[in-house]
file entry11.cif (mmCIF, C-alpha atoms)
data_structure
loop_
_atom_site.label_atom_id
_atom_site.label_comp_id
_atom_site.auth_asym_id
_atom_site.auth_seq_id
_atom_site.Cartn_x
_atom_site.Cartn_y
_atom_site.Cartn_z
CA MET A 1311 1.48 23.51 -42.39
CA ARG A 1312 3.66 24.26 -39.42
CA PHE A 1313 4.46 21.92 -36.53
CA GLY A 1314 5.40 23.51 -33.19
CA ILE A 1315 7.45 21.17 -31.02
CA VAL A 1316 7.73 22.17 -27.38
CA VAL A 1317 11.17 21.77 -25.80
CA PHE A 1318 11.33 21.39 -22.03
CA PRO A 1319 14.60 20.90 -20.18
CA GLY A 1320 14.81 17.11 -20.28
CA SER A 1321 12.82 16.59 -23.48
CA ASN A 1322 14.67 14.02 -25.60
CA CYS A 1323 12.31 13.14 -28.46
CA ASP A 1324 11.95 16.73 -29.68
CA GLU A 1325 14.50 16.23 -32.46
CA ASP A 1326 12.84 12.98 -33.55
CA ALA A 1327 9.47 14.74 -33.85
CA PHE A 1328 11.12 17.67 -35.68
CA HIS A 1329 12.85 15.26 -38.07
CA ALA A 1330 9.62 13.38 -38.80
CA ALA A 1331 7.65 16.58 -39.47
CA LYS A 1332 10.31 18.37 -41.50
CA ASP A 1333 12.43 15.73 -43.22
CA VAL A 1334 10.01 12.82 -43.58
CA PHE A 1335 6.81 14.77 -44.27
CA GLY A 1336 8.26 17.97 -45.74
CA GLN A 1337 6.32 20.28 -43.40
CA GLU A 1338 7.51 23.39 -41.61
CA ALA A 1339 8.65 22.79 -38.05
CA GLU A 1340 9.65 25.10 -35.19
CA TYR A 1341 11.01 24.38 -31.73
CA LEU A 1342 9.07 26.15 -28.98
CA TRP A 1343 11.18 26.75 -25.85
CA HIS A 1344 9.22 26.10 -22.67
CA LYS A 1345 9.94 29.57 -21.24
CA ASP A 1346 8.50 31.33 -24.27
CA ALA A 1347 4.82 32.06 -24.74
CA ASP A 1348 4.85 32.38 -28.54
CA LEU A 1349 3.65 29.37 -30.54
CA LYS A 1350 5.24 30.92 -33.67
CA GLY A 1351 2.17 30.43 -35.82
CA SER A 1352 2.01 26.67 -35.25
CA ASP A 1353 -0.93 24.82 -36.80
CA VAL A 1354 -0.33 21.83 -34.54
CA VAL A 1355 1.56 21.56 -31.24
CA ILE A 1356 3.49 18.46 -30.20
CA LEU A 1357 4.58 17.83 -26.62
CA PRO A 1358 7.41 15.35 -27.19
CA GLY A 1359 8.74 12.49 -25.12
CA GLY A 1360 11.53 12.68 -22.58
CA PHE A 1361 11.83 13.58 -18.92
CA ALA A 1362 10.65 17.20 -18.71
CA HIS A 1363 12.18 18.96 -15.69
CA GLY A 1364 13.64 15.59 -14.69
CA ASP A 1365 10.11 14.28 -14.03
CA TYR A 1366 10.68 15.31 -10.40
CA LEU A 1367 7.78 14.74 -8.01
CA ARG A 1368 5.68 12.94 -10.69
CA THR A 1369 6.10 12.54 -14.44
CA GLY A 1370 4.94 15.74 -16.12
CA ALA A 1371 4.14 17.43 -12.80
CA MET A 1372 6.57 20.35 -13.14
CA ALA A 1373 6.20 20.87 -16.89
CA ARG A 1374 2.63 22.07 -16.54
CA PHE A 1375 3.97 25.24 -14.84
CA SER A 1376 6.22 26.15 -17.79
CA PRO A 1377 5.11 29.45 -19.40
CA ILE A 1378 4.51 27.83 -22.81
CA MET A 1379 1.77 25.66 -21.31
CA ALA A 1380 -0.56 28.65 -20.87
CA SER A 1381 -0.27 29.26 -24.62
CA VAL A 1382 -0.74 25.56 -25.38
CA ARG A 1383 -3.86 25.51 -23.20
CA ALA A 1384 -5.30 28.59 -24.98
CA PHE A 1385 -4.45 27.00 -28.36
CA ALA A 1386 -6.25 23.79 -27.34
CA GLU A 1387 -9.26 25.75 -26.10
CA ARG A 1388 -9.49 27.42 -29.52
CA GLY A 1389 -9.69 23.93 -31.03
CA GLY A 1390 -6.05 23.72 -32.12
CA PRO A 1391 -4.72 20.18 -32.47
CA VAL A 1392 -2.32 19.11 -29.69
CA LEU A 1393 -0.50 15.77 -29.55
CA GLY A 1394 1.31 14.60 -26.42
CA ILE A 1395 3.66 11.67 -26.98
CA CYS A 1396 4.83 9.62 -23.97
CA ASN A 1397 6.11 12.24 -21.52
CA GLY A 1398 3.97 14.70 -23.49
CA PHE A 1399 0.92 12.55 -22.66
CA GLN A 1400 1.93 12.57 -19.00
CA ILE A 1401 2.20 16.39 -19.14
CA LEU A 1402 -1.28 16.67 -20.71
CA LEU A 1403 -2.65 14.56 -17.83
CA GLU A 1404 -0.92 16.63 -15.14
CA SER A 1405 -2.07 19.83 -16.86
CA GLY A 1406 -5.66 18.67 -16.84
CA LEU A 1407 -5.87 18.97 -20.64
CA LEU A 1408 -6.66 15.25 -20.61
CA PRO A 1409 -8.32 13.32 -17.75
CA GLY A 1410 -6.76 10.54 -15.65
CA ALA A 1411 -3.25 9.85 -14.36
CA MET A 1412 -0.24 7.61 -14.89
CA LEU A 1413 1.05 5.03 -12.45
CA ARG A 1414 4.30 3.09 -12.47
CA ASN A 1415 4.24 0.16 -14.88
CA ARG A 1416 2.84 -2.83 -12.99
CA SER A 1417 6.10 -4.71 -13.67
CA LEU A 1418 8.07 -1.73 -12.26
CA LYS A 1419 10.29 -2.16 -15.34
CA TYR A 1420 11.04 0.43 -17.99
CA ARG A 1421 9.53 -1.10 -21.15
CA CYS A 1422 11.28 -0.30 -24.42
CA GLU A 1423 9.90 -2.41 -27.25
CA HIS A 1424 7.46 -2.54 -30.16
CA VAL A 1425 3.82 -3.01 -29.20
CA TYR A 1426 0.61 -3.65 -31.16
CA LEU A 1427 -2.15 -1.07 -31.04
CA ARG A 1428 -5.70 -1.17 -32.28
CA VAL A 1429 -7.11 2.09 -33.62
CA GLU A 1430 -10.41 2.63 -31.79
CA GLN A 1431 -11.30 6.13 -33.01
CA THR A 1432 -10.64 7.64 -36.42
CA ASP A 1433 -12.38 10.99 -35.87
CA THR A 1434 -9.39 12.68 -34.24
CA PRO A 1435 -6.93 14.85 -36.18
CA PHE A 1436 -4.18 12.32 -35.41
CA THR A 1437 -5.95 9.11 -36.50
CA ASN A 1438 -8.27 10.14 -39.34
CA ALA A 1439 -6.08 8.37 -41.94
CA ALA A 1440 -6.58 5.01 -40.18
CA LYS A 1441 -9.30 2.44 -40.65
CA PRO A 1442 -11.32 1.58 -37.52
CA GLY A 1443 -9.79 -1.51 -35.94
CA GLN A 1444 -6.53 -1.18 -37.87
CA VAL A 1445 -3.59 -2.68 -35.98
CA LEU A 1446 -0.38 -0.65 -35.76
CA ARG A 1447 3.08 -1.72 -34.62
CA ILE A 1448 4.82 1.20 -32.92
CA PRO A 1449 7.51 1.33 -30.20
CA ILE A 1450 7.04 2.41 -26.60
CA GLY A 1451 9.68 3.46 -24.08
CA HIS A 1452 8.43 4.30 -20.60
CA GLY A 1453 8.44 3.39 -16.93
CA GLU A 1454 5.18 5.13 -16.05
CA GLY A 1455 2.62 4.37 -18.71
CA ASN A 1456 0.12 2.50 -16.57
CA TYR A 1457 -2.90 4.66 -17.36
CA TYR A 1458 -5.42 4.95 -14.54
CA ALA A 1459 -8.88 6.46 -14.41
CA PRO A 1460 -11.33 5.96 -11.54
CA PRO A 1461 -14.39 3.86 -12.52
CA ASP A 1462 -16.77 6.77 -13.22
CA LEU A 1463 -14.20 8.54 -15.41
CA LEU A 1464 -13.36 5.30 -17.20
CA LYS A 1465 -17.02 4.78 -18.02
CA SER A 1466 -17.38 8.30 -19.41
CA LEU A 1467 -14.20 7.86 -21.51
CA GLU A 1468 -15.63 4.70 -23.05
CA ASP A 1469 -19.14 6.14 -23.44
CA ASN A 1470 -17.78 9.26 -25.17
CA ARG A 1471 -15.46 7.18 -27.40
CA GLN A 1472 -12.35 8.92 -26.05
CA VAL A 1473 -10.12 5.82 -26.06
CA VAL A 1474 -8.13 6.29 -29.28
CA LEU A 1475 -5.65 3.36 -29.13
CA ARG A 1476 -5.60 0.12 -27.14
CA TYR A 1477 -2.76 -2.37 -26.57
CA THR A 1478 -3.62 -5.65 -28.30
CA ASP A 1479 -2.05 -8.80 -29.67
CA PRO A 1480 -0.83 -8.78 -33.32
CA GLN A 1481 -4.38 -9.68 -34.46
CA GLY A 1482 -5.94 -6.71 -32.67
CA ARG A 1483 -7.41 -8.66 -29.75
CA VAL A 1484 -7.19 -7.19 -26.26
CA ASP A 1485 -5.23 -9.67 -24.17
CA ASP A 1486 -3.64 -8.90 -20.82
CA ALA A 1487 -0.45 -10.69 -21.89
CA TRP A 1488 0.03 -7.99 -24.56
CA ASN A 1489 -0.61 -5.06 -22.24
CA PRO A 1490 2.93 -3.78 -21.52
CA ASN A 1491 2.22 -1.65 -18.47
CA GLY A 1492 -1.07 -2.63 -16.84
CA SER A 1493 -3.13 0.27 -18.21
CA VAL A 1494 -6.80 0.02 -17.32
CA ASN A 1495 -8.86 -1.27 -20.28
CA ALA A 1496 -5.53 -1.60 -22.18
CA ILE A 1497 -5.62 2.13 -22.89
CA ALA A 1498 -2.62 3.43 -24.87
CA SER A 1499 -4.12 6.73 -26.05
CA ILE A 1500 -7.05 8.98 -25.24
CA CYS A 1501 -8.47 12.26 -26.53
CA ASN A 1502 -10.43 15.06 -24.88
CA GLU A 1503 -14.18 15.43 -25.39
CA ARG A 1504 -13.63 17.92 -28.20
CA ARG A 1505 -11.23 15.39 -29.79
CA ASN A 1506 -8.54 17.96 -30.70
CA VAL A 1507 -6.17 17.01 -27.84
CA VAL A 1508 -4.66 13.51 -28.02
CA GLY A 1509 -2.16 11.83 -25.71
CA MET A 1510 -0.44 8.54 -26.54
CA MET A 1511 2.30 6.48 -24.90
CA PRO A 1512 3.64 4.95 -28.16
CA HIS A 1513 6.15 6.93 -30.23
CA PRO A 1514 4.89 7.42 -33.81
CA GLU A 1515 7.84 9.72 -34.57
CA ARG A 1516 10.16 6.73 -34.07
CA ALA A 1517 8.26 4.65 -36.64
CA CYS A 1518 8.15 6.78 -39.78
CA GLU A 1519 11.01 5.24 -41.73
CA ALA A 1520 11.72 1.61 -42.64
CA LEU A 1521 15.30 2.15 -41.46
CA LEU A 1522 13.95 2.54 -37.92
CA GLY A 1523 12.17 -0.80 -37.98
CA GLY A 1524 8.69 0.19 -39.01
CA GLU A 1525 6.55 2.85 -40.67
CA ASP A 1526 3.23 2.52 -38.89
CA GLY A 1527 3.79 5.82 -37.09
CA ARG A 1528 3.43 7.61 -40.43
CA LEU A 1529 -0.30 7.26 -40.06
CA VAL A 1530 -0.36 9.74 -37.17
CA PHE A 1531 1.53 12.36 -39.19
CA GLU A 1532 -0.43 11.66 -42.39
CA SER A 1533 -3.63 12.13 -40.39
CA ILE A 1534 -2.70 15.57 -39.07
CA VAL A 1535 -1.31 16.74 -42.42
CA SER A 1536 -4.53 15.73 -44.16
CA ALA A 1537 -6.68 17.19 -41.36
CA MET A 1538 -4.97 20.57 -41.73
CA ALA A 1539 -5.09 20.47 -45.54
CA SER A 1540 -8.86 19.95 -45.49
CA ARG A 1541 -9.51 22.83 -43.10
CA MET B 742 6.65 26.68 11.56
CA ARG B 743 7.11 23.25 10.04
CA ALA B 744 4.41 21.37 8.16
CA ARG B 745 4.61 17.71 7.22
CA VAL B 746 2.69 16.42 4.25
CA PHE B 747 2.12 12.68 3.71
CA VAL B 748 1.02 11.74 0.20
CA THR B 749 -0.31 8.24 -0.43
CA LEU B 750 -2.03 6.47 -3.29
CA LYS B 751 -5.76 6.19 -2.72
CA PRO B 752 -6.80 2.78 -1.36
CA SER B 753 -8.54 1.93 -4.66
CA VAL B 754 -5.34 2.52 -6.69
CA PHE B 755 -2.94 -0.40 -7.19
CA ASP B 756 0.54 0.31 -5.80
CA PRO B 757 3.07 -1.85 -7.68
CA GLN B 758 5.98 -0.61 -5.57
CA GLY B 759 4.23 -1.36 -2.30
CA LYS B 760 3.31 -4.81 -3.60
CA THR B 761 6.92 -5.54 -4.56
CA ILE B 762 8.15 -4.44 -1.12
CA ALA B 763 5.52 -6.63 0.56
CA ASP B 764 6.58 -9.60 -1.59
CA ALA B 765 10.23 -9.00 -0.65
CA LEU B 766 9.36 -8.87 3.06
CA HIS B 767 7.41 -12.10 2.77
CA SER B 768 10.36 -13.78 1.07
CA LEU B 769 12.53 -12.64 4.01
CA GLY B 770 10.15 -14.39 6.36
CA TYR B 771 8.19 -11.35 7.57
CA THR B 772 4.89 -13.09 7.03
CA GLY B 773 3.33 -10.89 9.71
CA VAL B 774 3.48 -7.92 7.32
CA ALA B 775 0.15 -8.28 5.57
CA ASP B 776 0.51 -5.42 3.08
CA VAL B 777 2.67 -2.36 2.23
CA ARG B 778 1.61 0.92 0.67
CA GLN B 779 4.39 3.27 -0.43
CA GLY B 780 3.99 7.06 -0.30
CA LYS B 781 5.83 10.37 -0.25
CA TYR B 782 6.75 12.60 2.69
CA PHE B 783 7.41 16.35 2.49
CA GLU B 784 8.68 18.78 5.15
CA LEU B 785 7.74 22.40 4.50
CA GLU B 786 9.44 25.22 6.42
CA LEU B 787 6.82 27.96 6.59
CA ALA B 788 7.26 31.65 7.45
CA THR B 789 4.09 31.75 9.53
CA THR B 790 4.01 30.92 13.26
CA GLU B 791 0.27 30.39 13.31
CA ALA B 792 -0.84 26.74 13.13
CA GLY B 793 -4.11 27.39 11.30
CA GLN B 794 -2.37 29.40 8.57
CA ALA B 795 0.35 26.76 8.29
CA ARG B 796 -2.20 24.00 7.88
CA GLN B 797 -4.11 25.97 5.25
CA LEU B 798 -0.98 26.81 3.26
CA ALA B 799 0.35 23.24 3.38
CA ALA B 800 -3.02 21.87 2.25
CA GLU B 801 -3.11 24.36 -0.61
CA VAL B 802 0.31 23.38 -1.99
CA ALA B 803 -0.50 19.72 -1.47
CA ASP B 804 -3.68 20.16 -3.52
CA LYS B 805 -1.99 22.15 -6.27
CA VAL B 806 1.40 20.47 -6.56
CA LEU B 807 2.48 17.80 -4.08
CA ALA B 808 -0.37 15.36 -4.69
CA ASN B 809 -2.24 14.38 -7.84
CA PRO B 810 -5.87 14.24 -6.69
CA VAL B 811 -6.76 11.67 -9.37
CA ILE B 812 -4.67 8.97 -7.73
CA GLU B 813 -3.39 10.33 -4.42
CA SER B 814 -4.66 11.68 -1.13
CA TYR B 815 -2.68 13.57 1.52
CA ARG B 816 -2.56 14.32 5.22
CA VAL B 817 -1.04 17.43 6.84
CA GLU B 818 0.57 17.75 10.27
CA VAL B 819 1.82 21.07 11.65
CA GLY B 820 4.09 21.85 14.59
CA GLU B 821 7.77 22.01 15.50
#
call {"tool": "encode", "arguments": {"input": "entry11.cif", "output": "structure tokens"}}
result
Amino acid sequence: MRFGIVVFPGSNCDEDAFHAAKDVFGQEAEYLWHKDADLKGSDVVILPGGFAHGDYLRTGAMARFSPIMASVRAFAERGGPVLGICNGFQILLESGLLPGAMLRNRSLKYRCEHVYLRVEQTDTPFTNAAKPGQVLRIPIGHGEGNYYAPPDLLKSLEDNRQVVLRYTDPQGRVDDAWNPNGSVNAIASICNERRNVVGMMPHPERACEALLGGEDGRLVFESIVSAMASR
Amino acid sequence: MRARVFVTLKPSVFDPQGKTIADALHSLGYTGVADVRQGKYFELELATTEAGQARQLAAEVADKVLANPVIESYRVEVGE
């Protein structure tokens, strides 16, 4: 299968995602420049972390106007799997491909550390290799990861089982002391109603090799590889 | 004509920056400042000289770009 990794000016986790897809998992991988419209036959599209367009105005606010995003939107509407990681999640929110918005972390600090995440949904192409309730240890690195949804939207996200990952303690219990940014309902990842578009603040591509301090991120890549193989 | 756009977080949305500024003011002794909400301010230089058109255009770009309607609201003023 082929991974397409979008490169915006200011993306800085594109090479990490490329490395994970190509070198760790032995899949094809292509960079997709933000000014192009061609997804180069990608089976899955990743919007990587970084600071697209400098994150001017709001995080992800400018990136949604990049030409590639029209192609990404059409790909998502055809049911193609799209994963937004960190800044990529913020771009999906600003693009309206996922609902809600990001606020500054409640501490106002940039948080760069490993966190614990409980897998809430396993029927997405990026979590199907997990067991429900499995706890993952994956790093974050962000200043604006405080996910916000107004009460009616939050209720529909929970009712439709669109919360994919939640920040928890090491035992998988939601506890405000283990919520690194103040996200409502400890939300670390959500999907769209169709479940093919997923955004997450943690960086699975930084946790695919023991050398990098953990391998729990492999699960996200193993999920999509197996989802595409069984198509 | 010039348009001014004020973008603020909706009252229901927590503003960690505003809270930090309020806390700092209280620690400086400004106990009369009950609360602070931080926002953004934009000045748009518009080609039109007609106030109604200016207001409409400024509101349109505020809706589409300057504000995120999920968390923010905005107010437009037009004039020199």
call {"tool": "closest_residue", "arguments": {"input": "entry11.cif", "among": "A:Leu1413, A:Val1474, A:Leu1446, A:Ile1497", "to": "B:Val754", "atoms": "only C-alpha atoms"}}
result
A:Leu1413
call {"tool": "resolve_selection", "arguments": {"input": "entry11.cif", "expression": "the PyMOL selection byres ((chain B) within 9 of (chain A))", "output": "PyMOL selection string"}}
result
chain B and resi 753-758+761+806-809+811-812
call {"tool": "closest_residue", "arguments": {"input": "entry11.cif", "among": "B:Val777, B:Glu821, B:Ala799, B:Leu766", "to": "B:Thr749", "atoms": "all atoms listed in the file"}}
result
B:Val777
call {"tool": "resolve_selection", "arguments": {"input": "entry11.cif", "expression": "the PyMOL selection byres ((chain B and resi 796) around 8)", "output": "NGL selection string"}}
result
:B and (744 or 792-795 or 797-800 or 817-819)
call {"tool": "resolve_selection", "arguments": {"input": "entry11.cif", "expression": "the PyMOL selection byres ((chain A and resi 1531) around 9)", "output": "PyMOL selection string"}}
result
chain A and resi 1330-1331+1335+1436-1437+1514-1515+1518+1527-1530+1532-1536
call {"tool": "write_last_selection", "arguments": {"input": "entry11.cif", "atoms": "C-alpha atoms", "output": "PDB file, in the frame of the given file"}}
result
ATOM      1  CA  ALA A1330       9.620  13.380 -38.800  1.00  0.00           C
ATOM      2  CA  ALA A1331       7.650  16.580 -39.470  1.00  0.00           C
ATOM      3  CA  PHE A1335       6.810  14.770 -44.270  1.00  0.00           C
ATOM      4  CA  PHE A1436      -4.180  12.320 -35.410  1.00  0.00           C
ATOM      5  CA  THR A1437      -5.950   9.110 -36.500  1.00  0.00           C
ATOM      6  CA  PRO A1514       4.890   7.420 -33.810  1.00  0.00           C
ATOM      7  CA  GLU A1515       7.840   9.720 -34.570  1.00  0.00           C
ATOM      8  CA  CYS A1518       8.150   6.780 -39.780  1.00  0.00           C
ATOM      9  CA  GLY A1527       3.790   5.820 -37.090  1.00  0.00           C
ATOM     10  CA  ARG A1528       3.430   7.610 -40.430  1.00  0.00           C
ATOM     11  CA  LEU A1529      -0.300   7.260 -40.060  1.00  0.00           C
ATOM     12  CA  VAL A1530      -0.360   9.740 -37.170  1.00  0.00           C
ATOM     13  CA  GLU A1532      -0.430  11.660 -42.390  1.00  0.00           C
ATOM     14  CA  SER A1533      -3.630  12.130 -40.390  1.00  0.00           C
ATOM     15  CA  ILE A1534      -2.700  15.570 -39.070  1.00  0.00           C
ATOM     16  CA  VAL A1535      -1.310  16.740 -42.420  1.00  0.00           C
ATOM     17  CA  SER A1536      -4.530  15.730 -44.160  1.00  0.00           C
TER      18      SER A1536
END
call {"tool": "residues_around", "arguments": {"input": "entry11.cif", "residues": "A:Thr1369", "least_positions_apart": "4", "cutoff": "8 Å", "atoms": "only C-alpha atoms", "output": "PDB file with C-alpha atoms, in the frame of the given file"}}
result
ATOM      1  CA  PHE A1361      11.830  13.580 -18.920  1.00  0.00           C
ATOM      2  CA  ALA A1362      10.650  17.200 -18.710  1.00  0.00           C
ATOM      3  CA  ASP A1365      10.110  14.280 -14.030  1.00  0.00           C
ATOM      4  CA  ASN A1397       6.110  12.240 -21.520  1.00  0.00           C
ATOM      5  CA  GLN A1400       1.930  12.570 -19.000  1.00  0.00           C
ATOM      6  CA  ILE A1401       2.200  16.390 -19.140  1.00  0.00           C
ATOM      7  CA  GLU A1454       5.180   5.130 -16.050  1.00  0.00           C
TER       8      GLU A1454
END
call {"tool": "atom_distance", "arguments": {"input": "entry11.cif", "atom1": "atom CA of A:Phe1385", "atom2": "atom CA of A:Gly1359"}}
result
19.9 Å
call {"tool": "residues_near_point", "arguments": {"input": "entry11.cif", "point": "(-5.7, 1.2, -22.1)", "cutoff": "9 Å", "atoms": "all atoms listed in the file", "output": "number ranges by chain"}}
result
A: 1456-1458, 1473, 1475-1477, 1489, 1492-1500
call {"tool": "atom_distance", "arguments": {"input": "entry11.cif", "atom1": "atom CA of A:Cys1422", "atom2": "atom CA of A:Ile1450"}}
result
5.5 Å
call {"tool": "atom_distance", "arguments": {"input": "entry11.cif", "atom1": "atom CA of A:Asp1462", "atom2": "atom CA of B:Val748"}}
result
22.8 Å
call {"tool": "closest_residue", "arguments": {"input": "entry11.cif", "among": "A:Arg1383, A:Gly1398, A:Pro1391, A:Val1334", "to": "A:Val1316", "atoms": "only C-alpha atoms"}}
result
A:Gly1398
call {"tool": "residues_around", "arguments": {"input": "entry11.cif", "residues": "A:Gln1337", "least_positions_apart": "6", "cutoff": "8 Å", "atoms": "all atoms listed in the file", "output": "list in words"}}
result
Met1311, Arg1312, Phe1313 and Ala1331 of chain A
call {"tool": "closest_residue", "arguments": {"input": "entry11.cif", "among": "A:Asp1486, A:Asp1526, A:Asp1469, A:Glu1503", "to": "A:Val1445", "atoms": "only C-alpha atoms"}}
result
A:Asp1526
call {"tool": "residues_around", "arguments": {"input": "entry11.cif", "residues": "B:Arg743", "least_positions_apart": "3", "cutoff": "7 Å", "atoms": "only C-alpha atoms", "output": "PyMOL selection string"}}
result
chain B and resi 784-787+819-821
call {"tool": "axis_aligned_box", "arguments": {"input": "entry11.cif", "around": "stretch 1391-1402 of chain A", "padding_each_side": "3 Å", "output": "lines of an AutoDock Vina configuration file"}}
result
center_x = 0.7
center_y = 14.9
center_z = -25.7
size_x = 16.8
size_y = 16.6
size_z = 19.5
call {"tool": "closest_residue", "arguments": {"input": "entry11.cif", "among": "A:Ala1373, A:Leu1408, A:Ala1487, A:Leu1427", "to": "A:Val1317", "atoms": "all atoms listed in the file"}}
result
A:Ala1373
call {"tool": "residues_around", "arguments": {"input": "entry11.cif", "residues": "A:His1424", "least_positions_apart": "6", "cutoff": "7 Å", "atoms": "all atoms listed in the file", "output": "PyMOL selection string"}}
result
chain A and resi 1447-1450
call {"tool": "build_atoms", "arguments": {"input": "entry11.cif", "residues": "stretch 774-795 of chain B", "atoms": "N, CA and C atoms", "output": "short mmCIF file (atom, residue, chain, number, x, y, z; two decimals), in the coordinates of the input"}}
result
data_model
loop_
_atom_site.label_atom_id
_atom_site.label_comp_id
_atom_site.auth_asym_id
_atom_site.auth_seq_id
_atom_site.Cartn_x
_atom_site.Cartn_y
_atom_site.Cartn_z
N VAL B 774 3.78 -9.17 8.04
CA VAL B 774 3.48 -7.92 7.32
C VAL B 774 2.46 -8.25 6.24
N ALA B 775 1.22 -7.86 6.48
CA ALA B 775 0.15 -8.28 5.57
C ALA B 775 0.22 -7.52 4.25
N ASP B 776 0.53 -6.21 4.30
CA ASP B 776 0.51 -5.42 3.08
C ASP B 776 1.39 -4.18 3.28
N VAL B 777 1.87 -3.59 2.19
CA VAL B 777 2.67 -2.36 2.23
C VAL B 777 2.11 -1.38 1.21
N ARG B 778 1.96 -0.15 1.60
CA ARG B 778 1.61 0.92 0.67
C ARG B 778 2.72 1.95 0.74
N GLN B 779 3.30 2.29 -0.42
CA GLN B 779 4.39 3.27 -0.43
C GLN B 779 3.82 4.66 -0.70
N GLY B 780 4.44 5.69 -0.08
CA GLY B 780 3.99 7.06 -0.30
C GLY B 780 5.14 8.03 -0.32
N LYS B 781 4.82 9.32 -0.25
CA LYS B 781 5.83 10.37 -0.25
C LYS B 781 5.64 11.23 1.00
N TYR B 782 6.77 11.78 1.48
CA TYR B 782 6.75 12.60 2.69
C TYR B 782 7.46 13.91 2.40
N PHE B 783 6.83 15.03 2.73
CA PHE B 783 7.41 16.35 2.49
C PHE B 783 7.48 17.12 3.81
N GLU B 784 8.59 17.84 4.03
CA GLU B 784 8.68 18.78 5.15
C GLU B 784 8.71 20.18 4.58
N LEU B 785 7.78 21.02 4.98
CA LEU B 785 7.74 22.40 4.50
C LEU B 785 8.11 23.32 5.66
N GLU B 786 9.12 24.18 5.43
CA GLU B 786 9.44 25.22 6.42
C GLU B 786 8.64 26.46 6.05
N LEU B 787 7.74 26.87 6.92
CA LEU B 787 6.82 27.96 6.59
C LEU B 787 7.17 29.21 7.40
N ALA B 788 6.94 30.39 6.80
CA ALA B 788 7.26 31.65 7.45
C ALA B 788 6.29 31.93 8.61
N THR B 789 5.09 31.43 8.50
CA THR B 789 4.09 31.75 9.53
C THR B 789 4.38 31.01 10.84
N THR B 790 3.90 31.60 11.96
CA THR B 790 4.01 30.92 13.26
C THR B 790 2.63 30.51 13.76
N GLU B 791 1.65 30.66 12.91
CA GLU B 791 0.27 30.39 13.31
C GLU B 791 -0.17 29.05 12.71
N ALA B 792 -0.58 28.13 13.56
CA ALA B 792 -0.84 26.74 13.13
C ALA B 792 -1.94 26.66 12.07
N GLY B 793 -3.00 27.44 12.25
CA GLY B 793 -4.11 27.39 11.30
C GLY B 793 -3.67 27.81 9.91
N GLN B 794 -2.88 28.91 9.87
CA GLN B 794 -2.37 29.40 8.57
C GLN B 794 -1.45 28.36 7.94
N ALA B 795 -0.60 27.76 8.80
CA ALA B 795 0.35 26.76 8.29
C ALA B 795 -0.39 25.58 7.68
#
